[in-house]
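Notes follow the structure.
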Amino acid sequence: MDKDKTSQLPRRTTRSSTSSPTSTSNNVIAPKVNSLEPLTINDLLVGGDPISLDDIISDFPGRRSQILEIVRLLGPLNSPMLPLFVYGGSSTGKTSIILQLFRHLNRPLIYSSCRTCYNQGILFESILNQLFLHRKNAANAYANAKRCERPSDFVNFLREALTNVIINLKEKSEKLVSNKMTQGKIGNMIYLMFDNFHLVREWDKSSTIVPLLFNLYDMLKMPEVGLIFISSTSPDTFYSNMGYVEPIPIYFPDYTEGDIRQILLRNQVNPKLYSSFLDVALKSFYGITKQVGDLSAALKPLYEKYCEPLSDKGKGVAPNQEMRRRLLAHINPHIGPALNEIFKVSSPSSIEVETRKEEKRKGNPGRLEQCEELGSLDFHMSTSAKYLLISAFLASRNPATLDASLFDSKGGSDNRKRKRKPSEKSMERKETLEEELLMKGPGTFPLERLLAIFQCLVSVAEDEEEPNNDGFGVEGGNGGLMSDVLLQLSSLCNANFIFKGRSCPIEGSTRYRSTISEDLALKVARSLKFPLSKYLYRS
């Protein structure tokens with residue numbers, strides 16, 4: 001396929017498929033469709049110019065095995081399939097690859113995102129509108145094809161709609177065969193794709209909707225229907241004892257540094273110059289985040305700074321060894337501040353340092369005590385990172401069974417209710433437990449528990465901030481404490497404040513462990529005026 005030719009946009013696109021650098025060679029423009037024009041069975045296809053499998057593999061570096069595995073599981077035309085569960089971290093190409101493969105295979109696809117369809121009613125209506133070839137407009141008062149809130153109604157309507165679509169597909173296939181046309185075959189299969197499926201767990205009645213969607217394969221008993229679930233979490237987070245057919249898992253690992261390098265080099269005006277820039281900057285940023293979108297946004301202003309000494313922004317320049325050294329010397333002072341924009345790290349100004357030295361020489365005890373109080377931490381980080389560090393420390397030191405009592409709706413445990421006269425037996429048991437805890441060391445914890453504790457501590461701090469609005473929100477920035485929490489966690493892991501265990505595709509969950517001492521945790525808590533002892537078990 002000629003990659004310089006402008007291709008048309010698939011009818012269904014997502015944020016990742018339109019903005020991800022992996023799909024820049026297939027940038028497309030949505031065709032203008034008359035709102036009064038009735039939809040046909042062809043509108044269920046992922047539109048655009050035909051694309052070959054080799055083009056898809058070249059467009060997504062490091063994803064060859066996943067692409068070939070999905071194609072194998074989808075099978076030839078009219079092949080029944082078991083449900084697929086595609087999972088992996090964000091910005092790993094899951095949705096984009098599925099859409100491009102259906103563009104390549106030219107098969108009808110019903111796409112629904114559980115992010116935009118944020119409850120079961122909207123999800124049901126979105127799927128039914130597509131299957132009934134229904135477009136909401138002024139003529140029908142923007143009504144849905146079917147209105148259903150109950151899962152039983154949805155299954156009945158879904159079976160009716162799928163039956164009609166399959167009949168239409170078979171009629172279309174028969175016409176093509178009778179006309180002896182080999183091209184344009186779309187088969188008799190219809191595929192339902194649920195994107196961002198992990199968000200369903202946060203919905204009301206999620207305990208009902210998740211088993212319902214997984215059970216569709218058994219309830220419909222229609223071999224012409226294929227199901228594809230796309231999630232950022234592993235299948236283990238969804239499994240229950242409902243007895244449904246388990247989907248076939250397909251894991252998308254994070255991009256390696258080499259893969260991201262190939263992605264970022266796409267469509268660069270001067271690939272050689274940009275490659276020399278990546279030699280300098282990519283490794284530092286890759287240690288903080290592996291998301292292509294974040295890396296592209298963070299490196300863009302830095303690359304502009306890298307090209308400042310060159311005329312015409314470095315167009316047509318082939319950097320030699322001398323030029324590389326000169327550009328490296330120019331960009332080096334800007335890499336640290338650019339990294340600090342992602343992981344906010346501040347340091348005392350030279351004037352403040354000199355003032356402290358002067359106070360120490362003069363021997364002003366009151367001022368010196370205040371300076372030492374402020375300088376109790378040897379490093380500086382954002383408020384959200386400090387709360388995340390404390391949350392990790394508490395998750396490592398406290399038993400998980402006590403989270404509900406320690407982090408209740410009142411913002412911590414009520415020590416007065418728990419105080420009682422200890423007996424000799426309870427004292428001995430307490431000493432034994434403390435010895436065991438000391439021997440075992442800090443425990444490990446999953447990400448979900450860390451975020452739950454972090455959310456509790458932040459909400460308590462925000463509640464305390466309202467009556468006396470001083471100090472808490474200043475350092476956190478405009479984005480709020482809950483912004484970029486995973487990015488902060490990645491930075492703390494790279495700084496060895498938190499240890500991250502290996503992620504196993506079979507187990508599906510990563511465990512963390514706090515590596516800081518209690519003294520350091522107390523220092524961080526004092527800098528936030530946070531009562532750590534109130535939340536620390538057996539403190």
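We name chains A, B, ... following the order of the structure tokens; residues begin at 1 in each chain, and ligands are numbered from 1 as shown.
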
message: Just want the 9 Å neighbourhood of A:Val71, counted on only C-alpha atoms, with same-chain residues fewer than 4 positions away dropped. Output as number ranges by chain.
response: A: 66-67, 75-76, 101, 105

Would you save the residues of that selection, restricted to N, CA, C and O atoms, as a PDB file, in the first residue's frame?
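As written to disk, selection-v8.pdb reads:
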```pdb
ATOM      1  N   GLN A  66       1.410 -10.690  18.760  1.00  0.00           N
ATOM      2  CA  GLN A  66       0.021 -10.453  19.161  1.00  0.00           C
ATOM      3  C   GLN A  66      -0.885 -10.323  17.939  1.00  0.00           C
ATOM      4  O   GLN A  66      -2.006 -10.845  17.927  1.00  0.00           O
ATOM      5  N   ILE A  67      -0.417  -9.634  16.910  1.00  0.00           N
ATOM      6  CA  ILE A  67      -1.227  -9.449  15.700  1.00  0.00           C
ATOM      7  C   ILE A  67      -1.502 -10.797  15.027  1.00  0.00           C
ATOM      8  O   ILE A  67      -2.647 -11.103  14.671  1.00  0.00           O
ATOM      9  N   GLY A  75      -9.679 -16.405  12.687  1.00  0.00           N
ATOM     10  CA  GLY A  75      -9.864 -17.463  11.702  1.00  0.00           C
ATOM     11  C   GLY A  75     -10.272 -16.952  10.332  1.00  0.00           C
ATOM     12  O   GLY A  75     -10.461 -15.747  10.115  1.00  0.00           O
ATOM     13  N   PRO A  76     -10.432 -17.850   9.380  1.00  0.00           N
ATOM     14  CA  PRO A  76     -10.876 -17.468   8.034  1.00  0.00           C
ATOM     15  C   PRO A  76     -12.306 -16.931   8.062  1.00  0.00           C
ATOM     16  O   PRO A  76     -12.972 -16.912   9.095  1.00  0.00           O
ATOM     17  N   LEU A 101      -7.021  -4.436  12.227  1.00  0.00           N
ATOM     18  CA  LEU A 101      -7.191  -5.807  11.741  1.00  0.00           C
ATOM     19  C   LEU A 101      -8.570  -6.002  11.111  1.00  0.00           C
ATOM     20  O   LEU A 101      -8.705  -6.693  10.093  1.00  0.00           O
ATOM     21  N   LEU A 105      -9.402  -7.180   7.454  1.00  0.00           N
ATOM     22  CA  LEU A 105     -10.233  -8.351   7.177  1.00  0.00           C
ATOM     23  C   LEU A 105     -11.564  -7.984   6.521  1.00  0.00           C
ATOM     24  O   LEU A 105     -12.229  -8.862   5.960  1.00  0.00           O
TER      25      LEU A 105
END
```

message: For a quick check of understanding, using only C-alpha atoms, which of A:Asn332, A:Ser178, A:Asn494, A:Ser91 has the smallest distance to A:Val280?
response: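 Counting only C-alpha atoms, the residue closest to A:Val280 is A:Asn332.
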
message: I need the residue nearest A:Arg64 from this list: A:Gly501, A:Gly88, A:Gly93, A:Gly47. Use only C-alpha atoms for the distance.
response: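 Residue with the minimum atom-to-atom distance to A:Arg64: A:Gly93.
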
- request: Could you give me, as a ChimeraX atom specification, the residues within 7 Å of A:Leu39, counting only C-alpha atoms and dropping anything in the same chain fewer than 4 positions from it?
  value: /A:43,133-134

For the selection you just gave me, I'd like the residues written to a file as a CSV table (one decimal), in the first residue's frame, keeping N, CA and C atoms.
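And here is the file that came out, out09.csv:
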```
chain,number,residue,atom,x,y,z
A,43,ASP,N,-22.2,0.0,6.8
A,43,ASP,CA,-21.8,1.0,7.8
A,43,ASP,C,-21.3,0.2,9.0
A,133,LEU,N,-29.2,-0.6,12.9
A,133,LEU,CA,-28.8,0.4,11.8
A,133,LEU,C,-29.6,1.7,12.1
A,134,HIS,N,-29.6,2.1,13.3
A,134,HIS,CA,-30.5,3.3,13.7
A,134,HIS,C,-29.6,4.5,14.0
```

task: Could you tell me which of A:Ser396, A:Ser90, A:Asn179, A:Asn215 comes closest to A:Asp294 if we count only C-alpha atoms?
output: A:Ser90
